[in-house]
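Everything below concerns the one structure shown next.
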Amino acid sequence: MKLLFKLAAGAALLLLVGVALVYFLVDANTFRPELESRLTAALGRKVTLGDLSLSLLQGGVTAHKLSISDDPAFSSAPFLTASTLDIGVDLWPLITTKRLNVRALTVHQPQIVLLQTADGRWNFSTIGSSPAPDAAAGKATAPSSTPDAPSASTPLAITVSLLRITEGEVSLGTVHSKQKPQELKDIDLEVKNFAPTVAFPVTLKASVVGGGEIAIDGTVGPIAQASASDTPFDTKIKVTGLNLVGSGFIEADSGIGGLISFDGGLKSDGTHIDIEGTTKAEKVKLAKGGSPAKPDLTANLKLHHDMSTRRGAILPTSISFGAAKGTFNGTYNLAGERPEITAAFNGKQMPLPNLEAFLPALDIVLPTGATLKGGDLTAELSAHGPVNRLLSTGSITISHATVANYDLGGKLRFVQQLSGIKSEASTQFETVGADFDLSDSGTTIRNLRVIAPSLGDLTGAGTISASHQLDFAMQAKLKTGGMLAAIIGQRSDNTTIPFFIRGTSANPTFSADLKSVTNEKLQQVLKNPEGAIKNAEGAAKTVQGIVDIFRKPRGTSSDQPAPQTK
């Protein structure tokens, strides 16, 4: 037994002596030129390492500081800098023959700058496929004298069992662009069995600066020798709570915003990227002046993106606002200074109550206190232009809807006086239809027609400014002629009254177009002096009768002061 203890103690002593000898006899910095040369040759970029230290317990070498140069066509600043680089090595060859066999690389706290040109080229495209420029002279770095070191002009020729990036930061921007770059932080990337000639598994987790989380899991490779950015991949991607404006993906002046979550697939053949999955949008805002919507929007998104032109197609995509559903498709262009889009939306018989809570996102305001009950909406909408200056056109049709807590008949007081209709707490609409054009300056409404059973037919056109100011010229074709028919001699089923809608969307005001009414009827009278009215005095009485109807009665209230006659 004592002999065993002595043997064990002797072995332990030999191990300690061996460890000490390694520390004294193996200077890790002697391998730095070889490491720099190998990495430079493999990446095609100038690689600079700081002091190397040997860690026997962890089985590797640590480089304090790491720098990889950028493609000089993009920037003179480093492409990547890191606090430390841990290099996992086989210790026995290192101790016995001082030969460095790399089996793992871990980059701690790297800062990476990704840049793209307007024509789609990335600054990482040339990694592994071109000679590394000398940082000072701009010349190709000389290859290592080590026999098995690859030439600097050969394609990427490094094989690593495990490659990791921890606590990384990435900035994604466009060359010569004023747009805010997108930034990722807390990046944790793991690549297993990395080799340039085969597909290798990759997992990534990262936070988006400004709001959002990203997770990717799949395969990448083989590395494309002509351009690393053309490397194929097939991954699953999950994005959670991406803040479109806060992250810089959409500029604040576009009027578009919200939190986007996506769960689906990302696949590339090296020239095109196909994206397909389920998208959920929260707190959506789709117009300048709009406010975040309360309901969520969901879509089964499908995109086909051309990597060389930075253009793509939005394939027919179903969109849901609760029970309201529609389809969306179009094209986009990311090559310009600002993203541009051409798209179309179609929705048929979408329940209005489901859409009401989404109206603030579109900067659509209902009269104060009014709510939508029942009915459905059919809409056709197309949009084109830069995302911050979209021009939209389309048409809508609303069927069998009720605007609760809004008495349109009461607002049309002058119509009540003429036709005898009664006020109601709510207004029922059989049909509301219109064509419209929408831009930054506001909305132009054309071919507006409203059929309300309690009122009749209302037709006209007008504008809604960006600040919700209304300016509409309308005509009301009444169901009953009332007093006006008796005064002017019209048939009771053919009484038409012109009027204006002004004020704001939240508080619209209605007033009769008195000038049009009196001029029209006076002309009729003057053309037929021998008819219903036989002289000028009779004509004057007729016109005065019309004026008195539109005037504000004493002791009563109205939405608007009575018009003055001259």
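Every chain in the structure tokens takes a letter, A first, then B, and so on in the order presented; its residues are numbered from 1, and the ligands are numbered from 1 following the presented order.
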Can you pull out the residues contacting region 263-265 of chain A? Cut-off 6 Å, using only C-alpha atoms, and skip same-chain residues under 2 positions away; I want them as a PyMOL selection string. chain A and resi 235-238+275-278
Give me the residues of region 236-331 of chain A that have any atom at most 9 Å from an atom of region 362-368 of chain A; for each, the nearest atom pair and the distance in Å, rounded to one decimal. Use only C-alpha atoms, sort by chain and number, and format it as CSV.
```
residue,atom,partner,partner_atom,distance
A:Lys285,CA,A:Leu362,CA,6.8
A:Leu286,CA,A:Leu362,CA,5.4
A:Ala287,CA,A:Leu362,CA,5.2
A:Lys288,CA,A:Asp363,CA,7.2
A:Gly289,CA,A:Asp363,CA,5.9
A:Gly290,CA,A:Asp363,CA,4.1
A:Ser291,CA,A:Asp363,CA,6.9
A:Ala293,CA,A:Leu362,CA,8.7
```
Find the residues around His400 (chain A) up to 8 Å (only C-alpha atoms counted), leave out those fewer than 2 positions away in its own chain, and share them as a PyMOL selection string. chain A and resi 374-376+398+402+428-431
Let me see the file: selected residues, all heavy atoms, as an mmCIF file, in the first residue's frame.
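Generated file (selection_24.cif):
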```
data_model
loop_
_atom_site.group_PDB
_atom_site.id
_atom_site.type_symbol
_atom_site.label_atom_id
_atom_site.label_comp_id
_atom_site.auth_asym_id
_atom_site.auth_seq_id
_atom_site.Cartn_x
_atom_site.Cartn_y
_atom_site.Cartn_z
ATOM 1 N N GLY A 374 -71.832 46.490 -35.911
ATOM 2 C CA GLY A 374 -72.242 45.670 -37.049
ATOM 3 C C GLY A 374 -71.640 46.155 -38.352
ATOM 4 O O GLY A 374 -70.791 47.041 -38.406
ATOM 5 N N GLY A 375 -72.065 45.546 -39.431
ATOM 6 C CA GLY A 375 -71.624 45.935 -40.758
ATOM 7 C C GLY A 375 -70.280 45.354 -41.143
ATOM 8 O O GLY A 375 -69.598 44.722 -40.336
ATOM 9 N N ASP A 376 -69.938 45.534 -42.399
ATOM 10 C CA ASP A 376 -68.659 45.030 -42.890
ATOM 11 C C ASP A 376 -68.062 46.013 -43.882
ATOM 12 O O ASP A 376 -68.737 46.903 -44.402
ATOM 13 C CB ASP A 376 -68.811 43.648 -43.521
ATOM 14 C CG ASP A 376 -69.811 43.626 -44.668
ATOM 15 O OD1 ASP A 376 -69.553 44.302 -45.690
ATOM 16 O OD2 ASP A 376 -70.841 42.932 -44.559
ATOM 17 N N ILE A 398 -68.763 50.237 -47.354
ATOM 18 C CA ILE A 398 -69.266 49.801 -46.043
ATOM 19 C C ILE A 398 -70.730 49.434 -46.207
ATOM 20 O O ILE A 398 -71.507 50.188 -46.807
ATOM 21 C CB ILE A 398 -69.101 50.906 -44.987
ATOM 22 C CG1 ILE A 398 -67.615 51.224 -44.786
ATOM 23 C CG2 ILE A 398 -69.744 50.502 -43.660
ATOM 24 C CD1 ILE A 398 -67.363 52.409 -43.880
ATOM 25 N N THR A 402 -73.924 50.589 -38.378
ATOM 26 C CA THR A 402 -74.536 51.577 -37.496
ATOM 27 C C THR A 402 -73.443 52.339 -36.764
ATOM 28 O O THR A 402 -72.510 51.745 -36.224
ATOM 29 C CB THR A 402 -75.451 50.913 -36.456
ATOM 30 O OG1 THR A 402 -76.519 50.240 -37.140
ATOM 31 C CG2 THR A 402 -76.039 51.943 -35.503
ATOM 32 N N GLN A 428 -78.063 54.694 -38.843
ATOM 33 C CA GLN A 428 -77.882 53.467 -39.610
ATOM 34 C C GLN A 428 -77.543 53.810 -41.061
ATOM 35 O O GLN A 428 -78.117 54.729 -41.643
ATOM 36 C CB GLN A 428 -79.161 52.621 -39.563
ATOM 37 C CG GLN A 428 -79.483 52.079 -38.188
ATOM 38 C CD GLN A 428 -80.721 51.187 -38.208
ATOM 39 O OE1 GLN A 428 -81.484 51.163 -39.171
ATOM 40 N NE2 GLN A 428 -80.911 50.445 -37.131
ATOM 41 N N PHE A 429 -76.589 53.042 -41.603
ATOM 42 C CA PHE A 429 -76.178 53.251 -42.989
ATOM 43 C C PHE A 429 -76.384 51.957 -43.757
ATOM 44 O O PHE A 429 -75.897 50.899 -43.357
ATOM 45 C CB PHE A 429 -74.708 53.660 -43.061
ATOM 46 C CG PHE A 429 -74.412 54.993 -42.433
ATOM 47 C CD1 PHE A 429 -73.967 55.061 -41.126
ATOM 48 C CD2 PHE A 429 -74.598 56.164 -43.141
ATOM 49 C CE1 PHE A 429 -73.694 56.290 -40.539
ATOM 50 C CE2 PHE A 429 -74.332 57.386 -42.573
ATOM 51 C CZ PHE A 429 -73.882 57.454 -41.259
ATOM 52 N N GLU A 430 -77.083 52.072 -44.869
ATOM 53 C CA GLU A 430 -77.224 50.915 -45.746
ATOM 54 C C GLU A 430 -75.938 50.699 -46.543
ATOM 55 O O GLU A 430 -75.444 49.585 -46.660
ATOM 56 C CB GLU A 430 -78.400 51.133 -46.699
ATOM 57 C CG GLU A 430 -78.634 49.970 -47.641
ATOM 58 C CD GLU A 430 -79.827 50.219 -48.557
ATOM 59 O OE1 GLU A 430 -80.844 50.763 -48.081
ATOM 60 O OE2 GLU A 430 -79.710 49.889 -49.752
ATOM 61 N N THR A 431 -75.381 51.808 -47.053
ATOM 62 C CA THR A 431 -74.144 51.738 -47.830
ATOM 63 C C THR A 431 -73.360 53.030 -47.666
ATOM 64 O O THR A 431 -73.949 54.121 -47.650
ATOM 65 C CB THR A 431 -74.432 51.525 -49.326
ATOM 66 O OG1 THR A 431 -75.160 50.323 -49.514
ATOM 67 C CG2 THR A 431 -73.130 51.426 -50.116
#
```
Name the residues in contact with Val208 (chain A) at a cut-off of 12 Å, using only C-alpha atoms, excluding same-chain residues fewer than 5 positions from it; report them as a list in words. Gly168, Glu169, Val170, Ser171, Leu172, Pro181, Gln182, Glu183, Leu184, Lys185, Asp186, Ile187, Glu213, Ile214, Ala215, Val239, Thr240, Gly241, Leu242, Asn243, Leu244, Val245, Gly246, Ser247, Gly248 and Phe249 of chain A
Produce a file of the selected residues containing N, CA, C and O atoms, as a CSV table (one decimal), in the first residue's frame.
```csv
chain,number,residue,atom,x,y,z
A,168,GLY,N,-20.8,39.5,-28.1
A,168,GLY,CA,-20.4,40.3,-29.3
A,168,GLY,C,-21.3,41.4,-29.6
A,168,GLY,O,-22.4,41.5,-29.1
A,169,GLU,N,-20.8,42.4,-30.4
A,169,GLU,CA,-21.6,43.5,-30.9
A,169,GLU,C,-21.4,43.6,-32.4
A,169,GLU,O,-20.3,43.5,-32.8
A,170,VAL,N,-22.5,43.9,-33.1
A,170,VAL,CA,-22.4,44.0,-34.5
A,170,VAL,C,-23.2,45.3,-35.0
A,170,VAL,O,-24.3,45.5,-34.5
A,171,SER,N,-22.6,46.0,-35.8
A,171,SER,CA,-23.2,47.2,-36.4
A,171,SER,C,-23.4,46.9,-37.9
A,171,SER,O,-22.5,46.5,-38.6
A,172,LEU,N,-24.7,47.1,-38.4
A,172,LEU,CA,-25.0,46.9,-39.8
A,172,LEU,C,-25.4,48.2,-40.4
A,172,LEU,O,-26.4,48.8,-40.0
A,181,PRO,N,-27.5,53.0,-38.5
A,181,PRO,CA,-27.2,51.6,-38.6
A,181,PRO,C,-28.0,50.7,-37.6
A,181,PRO,O,-28.3,51.2,-36.5
A,182,GLN,N,-28.3,49.5,-38.0
A,182,GLN,CA,-28.9,48.6,-37.0
A,182,GLN,C,-27.7,47.9,-36.2
A,182,GLN,O,-26.6,47.7,-36.7
A,183,GLU,N,-28.0,47.7,-34.9
A,183,GLU,CA,-27.0,47.2,-34.0
A,183,GLU,C,-27.5,46.0,-33.2
A,183,GLU,O,-28.7,46.0,-32.7
A,184,LEU,N,-26.7,45.0,-33.1
A,184,LEU,CA,-26.9,43.8,-32.3
A,184,LEU,C,-25.9,43.8,-31.1
A,184,LEU,O,-24.8,44.2,-31.3
A,185,LYS,N,-26.4,43.3,-30.0
A,185,LYS,CA,-25.5,43.2,-28.8
A,185,LYS,C,-25.8,41.8,-28.1
A,185,LYS,O,-26.7,41.1,-28.5
A,186,ASP,N,-24.9,41.5,-27.2
A,186,ASP,CA,-25.0,40.3,-26.4
A,186,ASP,C,-25.1,39.1,-27.4
A,186,ASP,O,-25.8,38.1,-27.2
A,187,ILE,N,-24.3,39.1,-28.4
A,187,ILE,CA,-24.3,38.1,-29.4
A,187,ILE,C,-23.6,36.8,-28.9
A,187,ILE,O,-22.4,36.9,-28.4
A,213,GLU,N,-35.3,40.6,-29.8
A,213,GLU,CA,-34.4,39.5,-29.6
A,213,GLU,C,-34.4,38.6,-30.9
A,213,GLU,O,-35.5,38.5,-31.6
A,214,ILE,N,-33.3,38.0,-31.2
A,214,ILE,CA,-33.2,37.2,-32.4
A,214,ILE,C,-32.5,35.9,-32.0
A,214,ILE,O,-31.5,35.8,-31.3
A,215,ALA,N,-33.0,34.8,-32.6
A,215,ALA,CA,-32.4,33.4,-32.4
A,215,ALA,C,-32.4,32.7,-33.8
A,215,ALA,O,-33.4,32.7,-34.5
A,239,VAL,N,-37.7,35.9,-34.3
A,239,VAL,CA,-37.5,37.3,-33.8
A,239,VAL,C,-38.7,37.7,-32.9
A,239,VAL,O,-39.8,37.4,-33.2
A,240,THR,N,-38.3,38.3,-31.8
A,240,THR,CA,-39.3,38.6,-30.8
A,240,THR,C,-39.2,40.1,-30.4
A,240,THR,O,-38.2,40.6,-30.0
A,241,GLY,N,-40.4,40.8,-30.5
A,241,GLY,CA,-40.5,42.2,-30.1
A,241,GLY,C,-39.5,43.1,-30.8
A,241,GLY,O,-39.0,44.1,-30.1
A,242,LEU,N,-39.3,43.0,-32.1
A,242,LEU,CA,-38.4,43.9,-32.8
A,242,LEU,C,-39.1,45.3,-32.9
A,242,LEU,O,-40.1,45.4,-33.5
A,243,ASN,N,-38.5,46.3,-32.3
A,243,ASN,CA,-39.0,47.7,-32.4
A,243,ASN,C,-38.6,48.3,-33.7
A,243,ASN,O,-37.4,48.6,-33.9
A,244,LEU,N,-39.5,48.5,-34.7
A,244,LEU,CA,-39.1,48.9,-36.0
A,244,LEU,C,-38.4,50.2,-36.0
A,244,LEU,O,-37.4,50.4,-36.8
A,245,VAL,N,-38.9,51.2,-35.3
A,245,VAL,CA,-38.3,52.5,-35.2
A,245,VAL,C,-37.1,52.5,-34.3
A,245,VAL,O,-36.0,53.0,-34.7
A,246,GLY,N,-37.2,52.0,-33.1
A,246,GLY,CA,-36.1,52.0,-32.1
A,246,GLY,C,-34.9,51.3,-32.6
A,246,GLY,O,-33.7,51.8,-32.4
A,247,SER,N,-35.0,50.3,-33.4
A,247,SER,CA,-33.9,49.5,-33.9
A,247,SER,C,-33.3,50.1,-35.2
A,247,SER,O,-32.2,49.8,-35.5
A,248,GLY,N,-34.0,51.1,-35.8
A,248,GLY,CA,-33.4,51.7,-37.0
A,248,GLY,C,-33.8,51.0,-38.3
A,248,GLY,O,-33.4,51.5,-39.4
A,249,PHE,N,-34.6,50.0,-38.2
A,249,PHE,CA,-35.0,49.3,-39.4
A,249,PHE,C,-36.0,50.2,-40.2
A,249,PHE,O,-36.0,50.1,-41.5
```
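Residue nearest Phe345 (chain A) within the list A:His384, A:Arg38, A:His468, A:Arg311: A:His384 [criterion: smallest interatomic distance, only C-alpha atoms].
Using only C-alpha atoms, the smallest distance between any of A:Gly385, A:Pro33, A:Gly462, A:Gly347 and Thr443 (chain A) comes from A:Gly462.
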For region 230-305 of chain A against region 115-122 of chain A, with a cut-off of 12 Å and counting only C-alpha atoms, what is the closest atom pair and its distance in Å to one decimal for every residue that makes the cut, ordered by chain and number, as a Markdown table?
```
| residue | atom | partner | partner_atom | distance |
| --- | --- | --- | --- | --- |
| A:Asp230 | CA | A:Arg121 | CA | 9.9 |
| A:Thr271 | CA | A:Gly120 | CA | 11.0 |
| A:His272 | CA | A:Gly120 | CA | 12.0 |
| A:His305 | CA | A:Gly120 | CA | 11.6 |
```
Run DSSP on the backbone and give me the residues of region 115-341 of chain A it puts in strand (DSSP E), as an MDAnalysis selection string. chainID A and resid 115:116 160:174 182:194 200:208 213:220 233:243 256:268 272:286 297:306 311:321 324:333 340:341
Limited to C-alpha atoms, could you put the picked residues into a file as a short mmCIF file (atom, residue, chain, number, x, y, z; two decimals), in the first residue's frame?
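So the final result, stored in part.cif, reads:
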```cif
data_model
loop_
_atom_site.label_atom_id
_atom_site.label_comp_id
_atom_site.auth_asym_id
_atom_site.auth_seq_id
_atom_site.Cartn_x
_atom_site.Cartn_y
_atom_site.Cartn_z
CA LEU A 115 -21.16 47.46 -44.32
CA GLN A 116 -23.12 47.09 -47.55
CA VAL A 160 -11.97 24.21 -36.37
CA SER A 161 -14.06 21.80 -34.31
CA LEU A 162 -15.67 24.62 -32.35
CA LEU A 163 -15.85 28.35 -33.07
CA ARG A 164 -17.58 30.65 -30.60
CA ILE A 165 -18.31 34.34 -30.22
CA THR A 166 -19.46 35.59 -26.82
CA GLU A 167 -20.81 39.00 -25.75
CA GLY A 168 -20.37 40.29 -29.27
CA GLU A 169 -21.62 43.49 -30.86
CA VAL A 170 -22.43 44.02 -34.55
CA SER A 171 -23.23 47.20 -36.44
CA LEU A 172 -25.01 46.86 -39.81
CA GLY A 173 -24.96 49.89 -42.07
CA THR A 174 -24.89 51.07 -45.67
CA GLN A 182 -28.86 48.56 -37.01
CA GLU A 183 -27.00 47.18 -34.02
CA LEU A 184 -26.94 43.81 -32.28
CA LYS A 185 -25.52 43.19 -28.82
CA ASP A 186 -25.01 40.26 -26.43
CA ILE A 187 -24.28 38.05 -29.43
CA ASP A 188 -23.60 34.41 -28.65
CA LEU A 189 -22.60 32.49 -31.79
CA GLU A 190 -21.54 28.86 -31.93
CA VAL A 191 -20.25 27.05 -35.01
CA LYS A 192 -19.44 23.33 -34.80
CA ASN A 193 -17.17 21.36 -37.14
CA PHE A 194 -16.36 24.42 -39.17
CA PHE A 200 -21.74 23.26 -40.81
CA PRO A 201 -24.25 23.82 -37.96
CA VAL A 202 -24.69 27.33 -36.57
CA THR A 203 -26.65 28.72 -33.62
CA LEU A 204 -26.94 32.39 -32.74
CA LYS A 205 -28.69 34.45 -30.09
CA ALA A 206 -28.59 38.23 -29.93
CA SER A 207 -30.42 41.30 -28.64
CA VAL A 208 -31.34 44.17 -30.95
CA GLU A 213 -34.41 39.47 -29.62
CA ILE A 214 -33.15 37.18 -32.43
CA ALA A 215 -32.43 33.43 -32.40
CA ILE A 216 -31.10 31.44 -35.40
CA ASP A 217 -30.50 27.72 -35.67
CA GLY A 218 -29.51 25.87 -38.85
CA THR A 219 -26.72 25.13 -41.29
CA VAL A 220 -24.42 27.36 -43.31
CA PHE A 233 -27.74 28.63 -45.69
CA ASP A 234 -30.87 26.96 -44.37
CA THR A 235 -31.98 28.12 -40.93
CA LYS A 236 -34.88 28.62 -38.60
CA ILE A 237 -35.21 32.14 -37.28
CA LYS A 238 -37.22 33.57 -34.40
CA VAL A 239 -37.55 37.31 -33.85
CA THR A 240 -39.31 38.60 -30.75
CA GLY A 241 -40.49 42.15 -30.10
CA LEU A 242 -38.42 43.92 -32.77
CA ASN A 243 -39.02 47.66 -32.41
CA ILE A 256 -44.69 53.34 -39.65
CA GLY A 257 -43.94 51.66 -36.35
CA GLY A 258 -44.66 48.75 -34.06
CA LEU A 259 -43.19 45.64 -32.45
CA ILE A 260 -42.63 42.74 -34.86
CA SER A 261 -42.28 39.06 -33.98
CA PHE A 262 -41.49 36.40 -36.58
CA ASP A 263 -41.20 32.62 -36.40
CA GLY A 264 -40.24 30.82 -39.59
CA GLY A 265 -37.54 29.84 -42.04
CA LEU A 266 -34.71 31.64 -43.79
CA LYS A 267 -33.18 29.86 -46.78
CA SER A 268 -30.66 30.98 -49.41
CA HIS A 272 -31.78 34.58 -53.47
CA ILE A 273 -33.23 34.44 -49.98
CA ASP A 274 -36.66 32.96 -49.29
CA ILE A 275 -38.40 33.94 -46.06
CA GLU A 276 -41.57 32.26 -44.90
CA GLY A 277 -43.25 32.20 -41.52
CA THR A 278 -45.78 33.70 -39.14
CA THR A 279 -45.51 37.40 -38.34
CA LYS A 280 -47.19 39.13 -35.40
CA ALA A 281 -47.27 42.92 -35.17
CA GLU A 282 -48.11 44.71 -31.92
CA LYS A 283 -48.75 48.42 -31.33
CA VAL A 284 -48.83 48.92 -35.09
CA LYS A 285 -48.76 52.42 -36.59
CA LEU A 286 -49.15 52.81 -40.37
CA LEU A 297 -51.97 42.10 -36.66
CA THR A 298 -50.91 38.64 -37.84
CA ALA A 299 -49.69 37.57 -41.28
CA ASN A 300 -48.36 34.47 -43.01
CA LEU A 301 -45.45 36.27 -44.62
CA LYS A 302 -43.65 35.08 -47.77
CA LEU A 303 -40.74 37.03 -49.30
CA HIS A 304 -38.42 36.28 -52.22
CA HIS A 305 -35.32 38.49 -52.11
CA ASP A 306 -32.68 39.01 -54.80
CA ARG A 311 -35.05 43.93 -54.60
CA GLY A 312 -37.72 41.45 -53.73
CA ALA A 313 -41.31 40.30 -53.98
CA ILE A 314 -43.92 40.06 -51.27
CA LEU A 315 -45.81 36.96 -52.32
CA PRO A 316 -49.58 36.80 -51.65
CA THR A 317 -49.80 37.03 -47.88
CA SER A 318 -52.87 36.64 -45.68
CA ILE A 319 -53.32 39.31 -43.01
CA SER A 320 -55.70 39.13 -40.04
CA PHE A 321 -57.07 41.85 -37.76
CA ALA A 324 -61.16 40.62 -40.30
CA LYS A 325 -58.97 39.11 -43.01
CA GLY A 326 -57.35 40.36 -46.19
CA THR A 327 -54.52 39.64 -48.64
CA PHE A 328 -51.38 41.64 -49.32
CA ASN A 329 -48.75 41.43 -52.08
CA GLY A 330 -46.22 43.62 -53.84
CA THR A 331 -42.56 44.40 -54.48
CA TYR A 332 -39.87 46.35 -52.66
CA ASN A 333 -36.51 47.96 -53.41
CA GLU A 340 -39.39 51.82 -51.60
CA ILE A 341 -42.49 49.68 -51.90
#
```
Write out as a ChimeraX atom specification which residues come within 10 Å of Leu377 (chain A) when counting only C-alpha atoms, dropping same-chain ones fewer than 3 positions away. /A:324,347-353,355,396-401,431-433
